[in-house]
>>> print(open('input.cif').read())   # mmCIF, C-alpha atoms and all ligand atoms
data_structure
loop_
_atom_site.label_atom_id
_atom_site.label_comp_id
_atom_site.auth_asym_id
_atom_site.auth_seq_id
_atom_site.Cartn_x
_atom_site.Cartn_y
_atom_site.Cartn_z
CA MET K 562 0.00 0.00 0.00
CA ALA K 563 1.66 3.16 -1.18
CA PHE K 564 0.60 5.53 1.54
CA GLU K 565 2.91 8.30 2.68
CA ARG K 566 5.03 6.84 5.48
CA MET K 567 5.35 8.59 8.81
CA PRO K 568 8.94 9.83 9.39
CA GLY K 569 8.92 7.94 12.72
CA PHE K 570 8.58 8.92 16.37
CA HIS K 571 12.32 9.40 16.70
CA LYS K 572 12.18 12.31 14.27
CA LEU K 573 9.75 15.11 15.05
CA VAL K 574 8.97 17.11 11.92
CA SER K 575 5.58 18.64 12.63
CA LEU K 576 2.96 18.83 15.37
CA TRP K 577 -0.76 19.33 14.78
CA ARG K 578 -3.79 20.49 16.77
CA ILE K 579 -7.14 19.73 15.16
CA GLU K 580 -9.98 21.40 17.07
CA TYR K 581 -13.53 20.29 16.40
CA ARG K 582 -17.05 20.66 17.66
CA ALA K 583 -19.69 17.95 17.72
CA VAL K 584 -23.44 18.41 17.96
CA ALA K 585 -25.75 15.59 19.03
CA LYS K 586 -28.33 14.89 16.31
CA GLU K 587 -29.96 12.14 18.36
CA PRO K 588 -30.18 11.44 22.09
CA ILE K 589 -26.83 10.12 23.31
CA ALA K 590 -26.54 7.23 25.77
CA THR K 591 -23.41 6.75 27.82
CA ASN K 592 -23.41 4.71 30.98
CA ALA K 593 -21.98 5.92 34.27
CA LEU K 594 -20.96 2.96 36.38
CA ASP K 595 -21.42 4.48 39.83
CA ASP K 596 -24.73 4.75 41.64
CA SER K 597 -24.09 8.31 42.82
CA THR K 598 -24.03 9.62 39.22
CA LYS K 599 -27.26 7.75 38.50
CA GLN K 600 -28.83 9.27 41.60
CA LEU K 601 -27.59 12.73 40.60
CA ALA K 602 -29.08 12.31 37.12
CA ALA K 603 -32.39 11.18 38.66
CA ARG K 604 -32.44 14.28 40.91
CA ILE K 605 -31.77 16.59 37.92
CA VAL K 606 -34.52 14.97 35.89
CA GLY K 607 -36.70 15.33 38.97
CA LYS K 608 -39.69 13.40 37.73
CA GLY K 609 -41.05 10.54 39.73
CA ILE K 610 -39.35 7.70 37.99
CA LYS K 611 -41.17 4.62 39.18
CA LYS K 612 -37.96 2.73 39.43
CA LEU K 613 -35.75 4.21 42.15
CA GLU K 614 -32.76 4.66 39.90
CA PRO K 615 -32.16 4.93 36.15
CA ASP K 616 -30.30 1.98 34.67
CA ILE K 617 -28.37 4.19 32.31
CA ALA K 618 -27.33 7.77 33.06
CA PRO K 619 -24.68 9.84 31.26
CA ILE K 620 -21.09 9.76 32.42
CA ILE K 621 -20.03 12.93 34.25
CA TYR K 622 -16.47 14.25 33.99
CA GLU K 623 -15.32 17.56 35.46
CA GLY K 624 -18.94 18.73 35.65
CA LYS K 625 -19.57 18.00 31.97
CA ALA K 626 -21.15 15.15 30.04
CA GLY K 627 -18.86 13.50 27.56
CA PHE K 628 -16.68 10.74 26.24
CA SER K 629 -13.16 9.52 26.71
CA GLY K 630 -10.75 10.12 23.85
CA ASN K 631 -10.64 6.38 23.42
CA ALA K 632 -14.36 6.20 22.59
CA VAL K 633 -13.94 8.91 19.95
CA LYS K 634 -10.80 7.29 18.57
CA GLY K 635 -12.66 3.98 18.22
CA VAL K 636 -15.31 5.49 15.93
CA PHE K 637 -12.69 7.17 13.71
CA ARG K 638 -10.70 3.95 13.62
CA HIS K 639 -13.72 1.86 12.68
CA LEU K 640 -14.93 4.13 9.87
CA ILE K 641 -11.51 4.68 8.29
CA SER K 642 -10.41 1.03 8.43
CA ALA K 643 -13.77 -0.16 7.07
CA GLN K 644 -13.47 2.35 4.23
CA LEU K 645 -9.90 1.27 3.40
CA THR K 646 -10.97 -2.40 3.48
CA ALA K 647 -13.86 -1.69 1.10
CA ALA K 648 -11.37 0.06 -1.20
CA GLY K 649 -9.29 -3.13 -1.18
CA LEU K 650 -6.35 -1.64 0.71
CA PRO K 651 -4.52 -3.79 3.27
CA VAL K 652 -5.58 -3.07 6.83
CA CYS K 653 -4.81 -5.45 9.68
CA VAL K 654 -7.04 -6.83 12.43
CA GLN K 655 -5.95 -5.89 15.93
CA LYS K 656 -4.92 -8.98 17.93
CA VAL K 657 -7.49 -8.19 20.59
CA LYS K 658 -10.28 -8.69 18.01
CA ALA K 659 -8.65 -11.46 16.00
CA SER K 660 -9.82 -14.12 18.47
CA GLU K 661 -13.12 -14.29 16.57
CA GLY K 662 -11.19 -15.88 13.72
CA GLU K 663 -10.09 -14.70 10.33
CA VAL K 664 -11.72 -11.51 9.06
CA LYS K 665 -12.17 -11.47 5.31
CA GLY K 666 -10.31 -8.69 3.56
CA ARG K 667 -8.07 -7.91 6.53
CA ARG K 668 -4.56 -9.10 7.20
CA GLU K 669 -3.15 -10.21 10.56
CA GLN K 670 -1.78 -7.60 12.94
CA CYS K 671 1.14 -5.80 11.34
CA PRO K 672 4.76 -6.48 12.27
CA PRO K 673 6.29 -3.40 13.99
CA ASP K 674 8.58 -2.64 11.05
CA ASN K 675 5.81 -2.69 8.45
CA PRO K 676 2.69 -1.04 9.87
CA CYS K 677 -0.41 -0.52 7.73
CA PHE K 678 -2.07 2.90 7.38
CA MET K 679 -4.23 2.28 10.47
CA CYS K 680 -1.39 1.02 12.72
CA THR K 681 0.79 3.92 11.61
CA TRP K 682 -1.67 6.59 12.68
CA PHE K 683 -3.80 4.87 15.34
CA GLY K 684 -1.18 2.64 16.93
CA THR K 685 -1.34 -0.97 18.10
CA GLN K 686 -1.69 -2.69 21.48
CA SER K 687 2.04 -2.41 22.02
CA ARG K 688 2.93 0.82 20.24
CA GLN K 689 1.28 4.20 20.52
CA GLY K 690 -0.05 5.89 17.42
CA ALA K 691 0.60 9.37 16.08
CA LEU K 692 -2.90 10.58 16.89
CA HIS K 693 -4.02 11.57 20.39
CA PHE K 694 -7.71 12.07 21.09
CA ASP K 695 -8.72 14.39 23.94
CA PHE K 696 -11.88 13.97 25.99
CA LEU K 697 -14.96 15.14 24.09
CA LEU K 698 -16.93 17.20 26.60
CA SER K 699 -20.18 19.14 26.54
CA VAL K 700 -19.75 22.92 26.37
CA LYS K 701 -22.50 23.41 28.96
CA PRO K 702 -22.60 21.82 32.42
CA TYR K 703 -23.94 18.30 32.93
CA LYS K 704 -27.22 19.38 34.48
CA GLU K 705 -28.11 21.51 31.43
CA VAL K 706 -27.45 18.87 28.81
CA ILE K 707 -29.13 15.77 30.14
CA SER K 708 -32.64 15.12 28.90
CA LYS K 709 -35.49 15.67 31.36
CA ASP K 710 -37.41 12.86 29.67
CA PRO K 711 -36.31 9.45 30.89
CA LEU K 712 -36.80 6.86 28.17
CA PRO K 713 -38.18 3.44 28.98
CA MET K 714 -36.41 0.65 27.14
CA ILE K 715 -36.75 -3.05 27.16
CA ALA K 716 -34.10 -5.70 27.02
CA LEU K 717 -30.75 -4.09 27.63
CA ASP K 718 -27.49 -5.67 28.49
CA ASP K 719 -25.35 -3.78 31.03
CA GLU K 720 -22.09 -4.24 29.28
CA THR K 721 -22.92 -3.70 25.65
CA LEU K 722 -26.13 -1.70 26.12
CA GLY K 723 -27.47 -4.21 23.61
CA VAL K 724 -30.13 -6.86 23.78
CA ALA K 725 -30.58 -8.90 26.96
CA LYS K 726 -33.38 -11.10 28.26
CA GLY K 727 -36.64 -9.71 29.56
CA ALA K 728 -35.30 -6.63 31.30
CA PHE K 729 -36.98 -3.25 31.62
CA ALA K 730 -34.68 -0.27 31.84
CA VAL K 731 -34.87 3.49 32.31
CA VAL K 732 -32.46 5.53 30.20
CA ILE K 733 -31.49 9.12 30.90
CA SER K 734 -29.77 10.44 27.80
CA ILE K 735 -27.91 13.53 26.65
CA LYS K 736 -30.25 15.86 24.72
CA PRO K 737 -30.14 16.19 20.94
CA GLY K 738 -28.68 19.60 20.09
CA THR K 739 -26.04 19.36 22.82
CA GLU K 740 -22.72 20.82 21.69
CA PHE K 741 -19.38 19.23 22.54
CA GLN K 742 -15.80 20.32 22.01
CA GLY K 743 -12.86 18.07 21.36
CA MET K 744 -9.35 18.03 20.02
CA ILE K 745 -7.11 15.64 18.13
CA ARG K 746 -3.37 16.13 18.44
CA GLY K 747 -0.96 14.57 16.01
CA GLU K 748 2.72 14.07 15.28
CA ASN K 749 4.13 14.18 11.75
CA LEU K 750 0.68 13.95 10.15
CA SER K 751 0.42 13.43 6.39
CA SER K 752 -2.23 15.12 4.29
CA GLU K 753 -3.71 11.63 3.73
CA ILE K 754 -4.55 11.03 7.39
CA ILE K 755 -5.87 14.59 7.76
CA GLY K 756 -7.98 13.87 4.66
CA ALA K 757 -9.24 10.63 6.23
CA ILE K 758 -10.29 12.54 9.36
CA ALA K 759 -12.03 15.14 7.16
CA GLU K 760 -13.80 12.30 5.36
CA VAL K 761 -15.20 10.95 8.66
CA VAL K 762 -16.41 14.48 9.44
CA GLU K 763 -18.28 14.40 6.09
CA MET K 764 -19.88 11.06 7.03
CA SER K 765 -21.01 12.58 10.34
CA LYS K 766 -23.12 15.14 8.46
CA GLU K 767 -25.32 12.27 7.26
CA GLY K 768 -25.60 10.65 10.69
CA PHE K 769 -22.93 7.95 10.32
CA PHE K 770 -20.74 9.01 13.24
CA LYS K 771 -22.31 7.28 16.25
CA LEU K 772 -21.04 7.52 19.81
CA GLY K 773 -22.13 5.81 23.01
CA GLY K 774 -24.63 2.98 23.40
CA LEU K 775 -28.03 2.03 21.92
CA LYS K 776 -26.77 2.94 18.46
CA THR K 777 -29.24 0.65 16.74
CA ARG K 778 -32.16 2.21 18.61
CA GLY K 779 -31.97 5.78 17.40
CA PHE K 780 -29.21 7.00 19.70
CA GLY K 781 -25.71 8.30 19.18
CA ALA K 782 -25.46 10.33 15.95
CA MET K 783 -23.11 13.30 16.23
CA GLU K 784 -22.37 15.88 13.58
CA LEU K 785 -18.74 16.97 13.58
CA GLU K 786 -17.13 20.14 12.30
CA ILE K 787 -13.42 20.92 12.27
CA THR K 788 -13.10 24.50 13.51
CA SER K 789 -9.36 25.09 13.38
CA ILE K 790 -6.10 23.34 12.55
CA LYS K 791 -2.75 24.52 13.86
CA GLU K 792 0.44 23.23 12.34
CA TYR K 793 3.66 23.64 14.33
CA SER K 794 7.18 23.18 13.07
CA ALA K 795 9.39 21.23 15.44
CA THR K 796 12.88 22.65 14.92
CA PRO K 797 12.49 25.03 16.67
CA PHE K 798 8.98 24.53 18.03
CA LYS K 799 6.75 27.30 16.70
CA LEU K 800 3.37 27.87 15.12
CA LYS K 801 3.87 27.46 11.39
CA LYS K 802 0.32 27.95 10.17
CA GLN K 803 -3.19 28.26 11.50
CA TYR K 804 -6.02 27.21 9.23
CA GLU K 805 -9.44 28.73 9.80
CA GLY K 806 -12.50 29.70 7.74
CA LYS K 807 -11.95 29.65 3.96
CA GLU K 808 -8.32 28.60 4.23
CA LEU K 809 -9.27 25.67 6.45
CA LYS K 810 -11.92 24.57 3.95
CA LYS K 811 -9.40 24.73 1.10
CA PHE K 812 -6.76 22.83 3.11
CA LEU K 813 -9.25 20.09 4.09
CA GLY K 814 -10.35 19.83 0.46
CA GLU K 815 -6.74 19.28 -0.63
CA CYS K 816 -6.15 16.71 2.11
CA LYS K 817 -9.33 14.84 1.14
CA ALA K 818 -8.16 14.77 -2.49
CA THR K 819 -4.89 13.03 -1.48
CA TYR K 820 -6.87 10.56 0.67
CA HIS K 821 -9.24 9.84 -2.24
CA TRP K 822 -6.20 9.29 -4.46
CA LEU K 823 -5.02 6.70 -1.92
CA LEU K 824 -8.49 5.05 -1.84
CA GLY K 825 -8.37 4.81 -5.60
CA GLY K 826 -5.19 2.79 -5.39
CA GLY K 827 -2.89 5.75 -5.91
CA ARG K 828 -3.36 5.70 -9.66
ZN ZN Y 1 -1.87 -2.70 10.82
#
>>> encode(input="input.cif", output="structure tokens")
Amino acid sequence: MAFERMPGFHKLVSLWRIEYRAVAKEPIATNALDDSTKQLAARIVGKGIKKLEPDIAPIIYEGKAGFSGNAVKGVFRHLISAQLTAAGLPVCVQKVKASEGEVKGRREQCPPDNPCFMCTWFGTQSRQGALHFDFLLSVKPYKEVISKDPLPMIALDDETLGVAKGAFAVVISIKPGTEFQGMIRGENLSSEIIGAIAEVVEMSKEGFFKLGGLKTRGFGAMELEITSIKEYSATPFKLKKQYEGKELKKFLGECKATYHWLLGGGR
């Protein structure tokens, strides 16, 4: 696969800050594990929920509702690797998932000296990637973004928030329209990986970027928008260029074109 190779972690050429906003287009379900958060959510909602405690209530972090960077990274990783696979480009299966057996169209986890596009930018179990995803947090405080309408659901499984047997559950979600802010930091990024990120942002506009649980039940769609990109040179460390507005749009368009060229087999 003739993608542009990363110069390596030993050689710092450029540093990147990609700031983005995300707006919930559907209710969002995350699941706090502790009872005190569930009780807090129930107090905010304030209605007499027949059950004493909601089964699912949004995670709270620093007074905001949100997601770990890992959750965000997982959605980017899934969409980009599935797209590369559909384009017939070699992408490996992470060892942690390979236990389910061979996955058609994917190769085994890459050797360290020959990483695929995904391993290069997203890392592997044993080696960090070049992309770092910050927490994605609501702009407004927790109590203003959780929905006052608890949703009754049947048949949920605690772990996967998927189907379980004969259970009745109360879900407190994050309201549609809630705005979040996040950031992706990167080392030595190529225009191809920036283009791949921009491509996922495009998919989000049609509802294909889904975060949290209950995704198959009308939850989780988030619309993303890149608001600013800062490129720093490393020797010495200084801001090289800040892309915003029209210039940002042009830059993202160029990056997407190089990514599309890669998807087309580089010919
Ligand atoms: Zn790989």
>>> residues_around(input="input.cif", residues="region 775-783 of chain K", least_positions_apart="6", cutoff="7 Å", atoms="all atoms listed in the file", output="PyMOL selection string")
chain K and resi 583-590+722-723+765+768-769
>>> closest_atom_pairs(input="input.cif", of="region 569-594 of chain K", to="region 678-702 of chain K", cutoff="12 Å", atoms="only C-alpha atoms", output="JSON lines")
{"residue": "K:Gly569", "atom": "CA", "partner": "K:Ala691", "partner_atom": "CA", "distance": 9.1}
{"residue": "K:Phe570", "atom": "CA", "partner": "K:Ala691", "partner_atom": "CA", "distance": 8.0}
{"residue": "K:His571", "atom": "CA", "partner": "K:Ala691", "partner_atom": "CA", "distance": 11.7}
{"residue": "K:Leu573", "atom": "CA", "partner": "K:Ala691", "partner_atom": "CA", "distance": 10.9}
{"residue": "K:Ser575", "atom": "CA", "partner": "K:Ala691", "partner_atom": "CA", "distance": 11.1}
{"residue": "K:Leu576", "atom": "CA", "partner": "K:Ala691", "partner_atom": "CA", "distance": 9.8}
{"residue": "K:Trp577", "atom": "CA", "partner": "K:Leu692", "partner_atom": "CA", "distance": 9.3}
{"residue": "K:Arg578", "atom": "CA", "partner": "K:His693", "partner_atom": "CA", "distance": 9.6}
{"residue": "K:Ile579", "atom": "CA", "partner": "K:Phe694", "partner_atom": "CA", "distance": 9.7}
{"residue": "K:Glu580", "atom": "CA", "partner": "K:Asp695", "partner_atom": "CA", "distance": 9.9}
{"residue": "K:Tyr581", "atom": "CA", "partner": "K:Leu697", "partner_atom": "CA", "distance": 9.4}
{"residue": "K:Arg582", "atom": "CA", "partner": "K:Leu697", "partner_atom": "CA", "distance": 8.7}
{"residue": "K:Ala583", "atom": "CA", "partner": "K:Leu697", "partner_atom": "CA", "distance": 8.4}
{"residue": "K:Val584", "atom": "CA", "partner": "K:Ser699", "partner_atom": "CA", "distance": 9.2}
{"residue": "K:Ala585", "atom": "CA", "partner": "K:Ser699", "partner_atom": "CA", "distance": 10.0}
{"residue": "K:Ile589", "atom": "CA", "partner": "K:Ser699", "partner_atom": "CA", "distance": 11.7}
>>> closest_residue(input="input.cif", among="K:Leu645, K:Ile758, K:Leu800, K:Val732", to="ligand ZN 1 (chain Y)", atoms="only C-alpha atoms and all ligand atoms")
K:Leu645
>>> closest_residue(input="input.cif", among="K:Gly624, K:Ala730, K:Ala757, K:Ile735", to="Asp710 (chain K)", atoms="all atoms listed in the file")
K:Ile735
>>> atom_distance(input="input.cif", atom1="CA of Thr788 (chain K)", atom2="CA of Lys766 (chain K)")
14.6 Å
>>> closest_residue(input="input.cif", among="K:Ser597, K:Ser642, K:Ser794, K:Ser708", to="ligand ZN 1 (chain Y)", atoms="only C-alpha atoms and all ligand atoms")
K:Ser642
>>> residues_near_ligand(input="input.cif", ligand="ligand ZN 1 (chain Y)", cutoff="6 Å", atoms="only C-alpha atoms and all ligand atoms", output="list in words")
Val652, Cys653, Gln670, Cys671, Pro676, Cys677, Met679 and Cys680 of chain K
>>> residues_around(input="input.cif", residues="Glu805 (chain K)", least_positions_apart="5", cutoff="9 Å", atoms="only C-alpha atoms", output="VMD selection string")
chain K and resid 788 to 791 810
>>> atom_distance(input="input.cif", atom1="CA of Ile620 (chain K)", atom2="CA of His639 (chain K)")
22.5 Å
>>> axis_aligned_box(input="input.cif", around="region 693-707 of chain K", padding_each_side="3 Å", output="lines of an AutoDock Vina configuration file")
center_x = -16.6
center_y = 17.5
center_z = 27.4
size_x = 31.1
size_y = 17.8
size_z = 20.1
>>> closest_residue(input="input.cif", among="K:Glu748, K:Arg668, K:Leu772, K:Ile787", to="Thr646 (chain K)", atoms="all atoms listed in the file")
K:Arg668
>>> residues_around(input="input.cif", residues="Trp822 (chain K)", least_positions_apart="6", cutoff="12 Å", atoms="all atoms listed in the file", output="PDB file with C-alpha atoms, in the frame of the given file")
ATOM      1  CA  ALA K 563       1.660   3.160  -1.180  1.00  0.00           C
ATOM      2  CA  PHE K 564       0.600   5.530   1.540  1.00  0.00           C
ATOM      3  CA  GLU K 565       2.910   8.300   2.680  1.00  0.00           C
ATOM      4  CA  LEU K 645      -9.900   1.270   3.400  1.00  0.00           C
ATOM      5  CA  ALA K 648     -11.370   0.060  -1.200  1.00  0.00           C
ATOM      6  CA  SER K 752      -2.230  15.120   4.290  1.00  0.00           C
ATOM      7  CA  GLU K 753      -3.710  11.630   3.730  1.00  0.00           C
ATOM      8  CA  GLY K 756      -7.980  13.870   4.660  1.00  0.00           C
ATOM      9  CA  ALA K 757      -9.240  10.630   6.230  1.00  0.00           C
ATOM     10  CA  GLU K 815      -6.740  19.280  -0.630  1.00  0.00           C
ATOM     11  CA  CYS K 816      -6.150  16.710   2.110  1.00  0.00           C
ATOM     12  CA  ARG K 828      -3.360   5.700  -9.660  1.00  0.00           C
TER      13      ARG K 828
END
>>> atom_distance(input="input.cif", atom1="CA of Glu808 (chain K)", atom2="CA of Glu792 (chain K)")
13.1 Å
>>> closest_residue(input="input.cif", among="K:Pro672, K:Gly627, K:Gly814, K:Pro651", to="Ile755 (chain K)", atoms="all atoms listed in the file")
K:Gly814
>>> closest_residue(input="input.cif", among="K:Val574, K:Val731, K:Leu750, K:Leu785", to="Pro711 (chain K)", atoms="all atoms listed in the file")
K:Val731
>>> residues_near_point(input="input.cif", point="(-36.0, 14.2, 36.3)", cutoff="12 Å", atoms="all atoms listed in the file", output="VMD selection string")
chain K and resid 599 to 611 613 to 615 618 704 to 705 707 to 712 731 to 734
